[in-house]
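*Asks:* Below you will find the structure I want to go over with you.
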Amino acid sequence: MEYVKLNNGVKMPILGYGVYQTPPEETERCILEALETGYRSIDTAQAYYNEEGVGNALAKCGIPREEIFITTKVWISNAGYEKAKESIRESLRKLQTDYVDLLLIHQPFGDYYGTYRAMEEAYKEGKARALGVSNFYPDRYLDLFHFAEIKPAVNQVETHVFQQQKTARKYMEKYGTQVMSWGPFAEGKNDYFQNPVLKEIGDKHGKSVAQTALRFLIQNEVIVIPKSVHKNRMEENFNVFDFILTEEEMKRIEALDTGESLFFSHYDPETVEWFMSRL
């Protein structure tokens with residue numbers, strides 16, 4: 001496993017396992033299989049409604065807690081100091097742990113300043129080893145960064161070969177915040193798994209399109225958390241440390257970037273109204 005060092009010195013695996021859209025009733029099995037495969041970083045969230053399954057797997061896996069890196073996120077319905085504070089306690093209860101390794105604000109809506117104050121308090125109390133945000137575009141990221149006492153260590157944003165977040169990464173690198181990808185396979189959009197560039201490069205290394213795409217992000221020092229409910233896919237996604245893409249191959253994949261989201265835009269009023277309806 002390769003690691004990144006966050007801005008407070010905490011080490012985080014560069015490859016983890018995500019449980020977005022994993023059914024609650026399957027989460028425990030999936031986590032146990034991921035841990036058996038070798039994953040030691042698990043990404044969940046209050047809004048995924050499967051923190052309990054993660055907690056059950058942690059309790060049953062037999063692996064020391066300090067060897068597993070756990071990330072969860074505060075949802076917008078829990079925005080604000082008091083609600084966020086209570087929701088953090090509830091997340092720890094569901095996860096059956098005294099602390100999480102990384103605690104994120106899930107979306108930049110509602111009173112996220114109050115949310116971050118509650119998170120900073122949790123950090124100081126040892127309930128979170130690192131803090132960060134998710135889905136914060138450069139403008140809101142910079143706003144929160146300059147507001148925060150404890151600087152965000154991570155920003156988890158849509159990042160894949162078609163949306164490489166070049167502008168956002170410039171500012172995160174400037175201020176020492178690590179980029180973390182959600183949707184590293186773009187959920188198959190843009191005929192992702194049939195992309196001729198990824199297929200050709202993957203074939204040269206005896207690797208799949210998925211493995212090639214993950215390797216590209218890892219070599220760009222992007223944390224990735226691919227999700228699958230099938231153990232053979234978990235194993236495939238984990239097997240990305242035994243080859244290296246050449247500089248020419250990296251440039252060819254870099255050229256696939258469109259700079260546009262394949263999912264949503266926070267600058268779209270209808271999108272903002274949808275999120276605000278979740279408060």
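By convention here, the chains of the structure tokens are called A, B, ... in the order presented, each chain's residues are numbered starting at 1, and ligands are numbered starting at 1 in the order presented.
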Which neighbours of region 247-256 of chain A fall inside 8 Å, counting only C-alpha atoms, when residues of the same chain fewer than 6 positions from it are skipped, and could you give them as a PyMOL selection string?

*Replies:* chain A and resi 161-162+164+197-198+201+216

*Asks:* Report the closest atom pair, with its distance in Å rounded to one decimal, for each residue of region 83-162 of chain A that has an atom no farther than 7 Å from region 51-55 of chain A; count only C-alpha atoms, sort by chain and then rising residue number, and write it as CSV.

*Replies:*
residue,atom,partner,partner_atom,distance
A:Ser91,CA,A:Glu51,CA,7.0
A:Lys94,CA,A:Glu52,CA,4.7
A:Leu95,CA,A:Gly55,CA,3.7
A:Gln96,CA,A:Gly55,CA,5.1

*Asks:* With C-alpha atoms kept, could you save the residues just selected as a compact mmCIF listing (two decimals), in the first residue's frame?

*Replies:*
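So the final result, stored in again_29.txt, reads:
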# COMPACT_ATOMS: atom_id res chain seq x y z
CA SER A 91 -21.92 8.45 13.81
CA LYS A 94 -23.08 3.57 14.73
CA LEU A 95 -19.47 2.97 13.73
CA GLN A 96 -18.78 1.43 17.17

*Asks:* Taking only C-alpha atoms into account, which of A:Glu158, A:Glu273, A:Glu82, A:Glu2 comes nearest Gly259 (chain A)?

*Replies:*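 The closest residue to Gly259 (chain A) is A:Glu158.
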
*Asks:* Between CA of Met276 (chain A) and CA of Tyr99 (chain A), what is the distance, to one decimal in Å?

*Replies:*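 Answer for the CA of Met276 (chain A) to CA of Tyr99 (chain A) separation: 28.9 Å.
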
*Asks:* Which residues are near Trp182 (chain A)? Cut-off 10 Å, only C-alpha atoms, ignore same chain within fewer than 4 positions. Put them as a list in words.

*Replies:*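 These residues fall inside the cut-off: Gly18, Tyr20, Asp43, Ser134, Asn135, Gln156, Val157, Glu158, Thr159, His160, Ala186, Glu187, Ile223, Val224, Ile225, Pro226 and Lys227 of chain A.
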
*Asks:* Generate a file of the selected residues that holds C-alpha atoms, formatted as a short mmCIF file (atom, residue, chain, number, x, y, z; two decimals), in the first residue's frame.

*Replies:*
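File written: again.cif
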data_model
loop_
_atom_site.label_atom_id
_atom_site.label_comp_id
_atom_site.auth_asym_id
_atom_site.auth_seq_id
_atom_site.Cartn_x
_atom_site.Cartn_y
_atom_site.Cartn_z
CA GLY A 18 -16.06 3.30 -0.64
CA TYR A 20 -21.65 4.92 -1.48
CA ASP A 43 -15.17 5.68 3.32
CA SER A 134 -16.29 17.25 0.34
CA ASN A 135 -17.67 18.83 -2.83
CA GLN A 156 -13.18 14.93 -1.56
CA VAL A 157 -14.44 15.94 -5.00
CA GLU A 158 -15.56 14.33 -8.23
CA THR A 159 -12.26 13.30 -9.82
CA HIS A 160 -11.75 10.93 -12.73
CA ALA A 186 -17.49 8.29 -13.28
CA GLU A 187 -20.12 5.61 -12.63
CA ILE A 223 -6.67 9.37 -2.98
CA VAL A 224 -9.15 6.92 -4.53
CA ILE A 225 -12.00 4.94 -2.95
CA PRO A 226 -13.49 2.66 -5.65
CA LYS A 227 -16.64 0.81 -4.70
#

*Asks:* Provide the CA of Tyr3 (chain A) to CA of Val100 (chain A) distance in Å, to one decimal place.

*Replies:*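 If I compute the distance from CA of Tyr3 (chain A) to CA of Val100 (chain A), I get 17.5 Å.
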
*Asks:* Just want the 7 Å neighbourhood of Ser261 (chain A), counted on only C-alpha atoms, with same-chain residues fewer than 3 positions away dropped. Output as a VMD selection string.

*Replies:* chain A and resid 163 264 to 265

*Asks:* I need the residues of region 151-275 of chain A that end up classed as helix (DSSP H, G or I) by DSSP on the backbone, written out as a ChimeraX atom specification.

*Replies:* /A:166-175,186-194,196-205,209-219,231-238,247-254,269-275

*Asks:* Per residue of region 102-208 of chain A within 12 Å of region 6-11 of chain A, which atom pair is closest and at what distance in Å (one decimal), using only C-alpha atoms, listed by chain and increasing number, as JSON lines?

*Replies:*
{"residue": "A:Leu102", "atom": "CA", "partner": "A:Val10", "partner_atom": "CA", "distance": 9.6}
{"residue": "A:Tyr123", "atom": "CA", "partner": "A:Asn8", "partner_atom": "CA", "distance": 11.5}
{"residue": "A:Ala128", "atom": "CA", "partner": "A:Val10", "partner_atom": "CA", "distance": 11.1}
{"residue": "A:Arg129", "atom": "CA", "partner": "A:Val10", "partner_atom": "CA", "distance": 7.4}
{"residue": "A:Ala130", "atom": "CA", "partner": "A:Val10", "partner_atom": "CA", "distance": 7.4}
{"residue": "A:Leu131", "atom": "CA", "partner": "A:Asn8", "partner_atom": "CA", "distance": 9.6}
{"residue": "A:Gly132", "atom": "CA", "partner": "A:Leu6", "partner_atom": "CA", "distance": 10.4}
{"residue": "A:Ile150", "atom": "CA", "partner": "A:Asn8", "partner_atom": "CA", "distance": 9.2}
{"residue": "A:Lys151", "atom": "CA", "partner": "A:Asn7", "partner_atom": "CA", "distance": 8.1}
{"residue": "A:Pro152", "atom": "CA", "partner": "A:Asn7", "partner_atom": "CA", "distance": 8.2}
{"residue": "A:Ala153", "atom": "CA", "partner": "A:Asn7", "partner_atom": "CA", "distance": 5.5}
{"residue": "A:Val154", "atom": "CA", "partner": "A:Leu6", "partner_atom": "CA", "distance": 7.6}
{"residue": "A:Asn155", "atom": "CA", "partner": "A:Leu6", "partner_atom": "CA", "distance": 11.2}
{"residue": "A:Met172", "atom": "CA", "partner": "A:Asn7", "partner_atom": "CA", "distance": 11.1}
{"residue": "A:Glu173", "atom": "CA", "partner": "A:Asn7", "partner_atom": "CA", "distance": 10.7}
{"residue": "A:Lys174", "atom": "CA", "partner": "A:Asn7", "partner_atom": "CA", "distance": 11.8}
{"residue": "A:Tyr175", "atom": "CA", "partner": "A:Asn7", "partner_atom": "CA", "distance": 9.2}
{"residue": "A:Gly176", "atom": "CA", "partner": "A:Asn7", "partner_atom": "CA", "distance": 6.0}
{"residue": "A:Thr177", "atom": "CA", "partner": "A:Asn7", "partner_atom": "CA", "distance": 6.8}
{"residue": "A:Gln178", "atom": "CA", "partner": "A:Leu6", "partner_atom": "CA", "distance": 6.7}
{"residue": "A:Val179", "atom": "CA", "partner": "A:Leu6", "partner_atom": "CA", "distance": 10.2}
{"residue": "A:Met180", "atom": "CA", "partner": "A:Leu6", "partner_atom": "CA", "distance": 11.3}

*Asks:* Can you spit out the residues from that selection as a short mmCIF file (atom, residue, chain, number, x, y, z; two decimals), in the first residue's frame, using N, CA, C and O atoms?

*Replies:*
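Written out: again_26.cif:
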data_model
loop_
_atom_site.label_atom_id
_atom_site.label_comp_id
_atom_site.auth_asym_id
_atom_site.auth_seq_id
_atom_site.Cartn_x
_atom_site.Cartn_y
_atom_site.Cartn_z
N LEU A 102 -10.93 10.46 9.65
CA LEU A 102 -11.16 11.63 8.82
C LEU A 102 -12.64 11.98 8.88
O LEU A 102 -13.50 11.13 8.63
N TYR A 123 -12.23 17.28 16.88
CA TYR A 123 -10.80 17.06 16.63
C TYR A 123 -10.00 17.28 17.92
O TYR A 123 -9.15 16.45 18.29
N ALA A 128 -11.76 12.83 16.16
CA ALA A 128 -11.40 12.82 14.74
C ALA A 128 -9.91 13.12 14.63
O ALA A 128 -9.42 14.05 15.28
N ARG A 129 -9.20 12.35 13.83
CA ARG A 129 -7.76 12.55 13.69
C ARG A 129 -7.43 13.59 12.62
O ARG A 129 -6.33 14.15 12.62
N ALA A 130 -8.36 13.84 11.70
CA ALA A 130 -8.16 14.84 10.66
C ALA A 130 -9.52 15.33 10.20
O ALA A 130 -10.52 14.61 10.29
N LEU A 131 -9.55 16.57 9.70
CA LEU A 131 -10.79 17.18 9.24
C LEU A 131 -10.67 17.56 7.77
O LEU A 131 -9.58 17.74 7.25
N GLY A 132 -11.83 17.69 7.14
CA GLY A 132 -11.82 18.12 5.76
C GLY A 132 -13.21 18.40 5.25
O GLY A 132 -14.17 18.51 6.03
N ILE A 150 -8.48 24.93 12.29
CA ILE A 150 -7.81 23.69 11.90
C ILE A 150 -8.04 23.52 10.40
O ILE A 150 -9.16 23.28 9.95
N LYS A 151 -7.00 23.68 9.63
CA LYS A 151 -7.14 23.73 8.18
C LYS A 151 -7.58 22.39 7.62
O LYS A 151 -7.12 21.33 8.07
N PRO A 152 -8.49 22.40 6.64
CA PRO A 152 -8.95 21.13 6.05
C PRO A 152 -7.79 20.35 5.44
O PRO A 152 -7.01 20.88 4.66
N ALA A 153 -7.72 19.07 5.83
CA ALA A 153 -6.65 18.21 5.35
C ALA A 153 -6.98 17.57 4.02
O ALA A 153 -6.09 17.18 3.25
N VAL A 154 -8.29 17.45 3.72
CA VAL A 154 -8.76 16.74 2.53
C VAL A 154 -9.96 17.46 1.94
O VAL A 154 -10.77 18.04 2.67
N ASN A 155 -10.05 17.45 0.62
CA ASN A 155 -11.27 17.85 -0.07
C ASN A 155 -11.63 16.72 -1.01
O ASN A 155 -10.89 16.42 -1.95
N MET A 172 -5.69 23.70 -3.88
CA MET A 172 -5.51 22.77 -2.77
C MET A 172 -4.02 22.49 -2.52
O MET A 172 -3.57 22.40 -1.38
N GLU A 173 -3.27 22.37 -3.60
CA GLU A 173 -1.83 22.16 -3.45
C GLU A 173 -1.17 23.38 -2.82
O GLU A 173 -0.27 23.25 -1.98
N LYS A 174 -1.63 24.56 -3.19
CA LYS A 174 -1.07 25.79 -2.63
C LYS A 174 -1.22 25.84 -1.12
O LYS A 174 -0.33 26.29 -0.40
N TYR A 175 -2.37 25.35 -0.61
CA TYR A 175 -2.66 25.45 0.81
C TYR A 175 -2.56 24.12 1.56
O TYR A 175 -2.95 24.03 2.72
N GLY A 176 -2.03 23.10 0.91
CA GLY A 176 -1.73 21.87 1.61
C GLY A 176 -2.91 20.97 1.91
O GLY A 176 -2.90 20.22 2.89
N THR A 177 -3.94 21.04 1.08
CA THR A 177 -5.10 20.16 1.24
C THR A 177 -5.05 19.06 0.20
O THR A 177 -4.85 19.32 -0.99
N GLN A 178 -5.22 17.83 0.64
CA GLN A 178 -5.10 16.65 -0.23
C GLN A 178 -6.40 16.44 -1.01
O GLN A 178 -7.50 16.46 -0.45
N VAL A 179 -6.29 16.19 -2.30
CA VAL A 179 -7.47 15.88 -3.10
C VAL A 179 -7.79 14.39 -2.96
O VAL A 179 -6.91 13.54 -2.95
N MET A 180 -9.08 14.11 -2.80
CA MET A 180 -9.59 12.74 -2.68
C MET A 180 -10.72 12.59 -3.69
O MET A 180 -11.59 13.44 -3.80
#
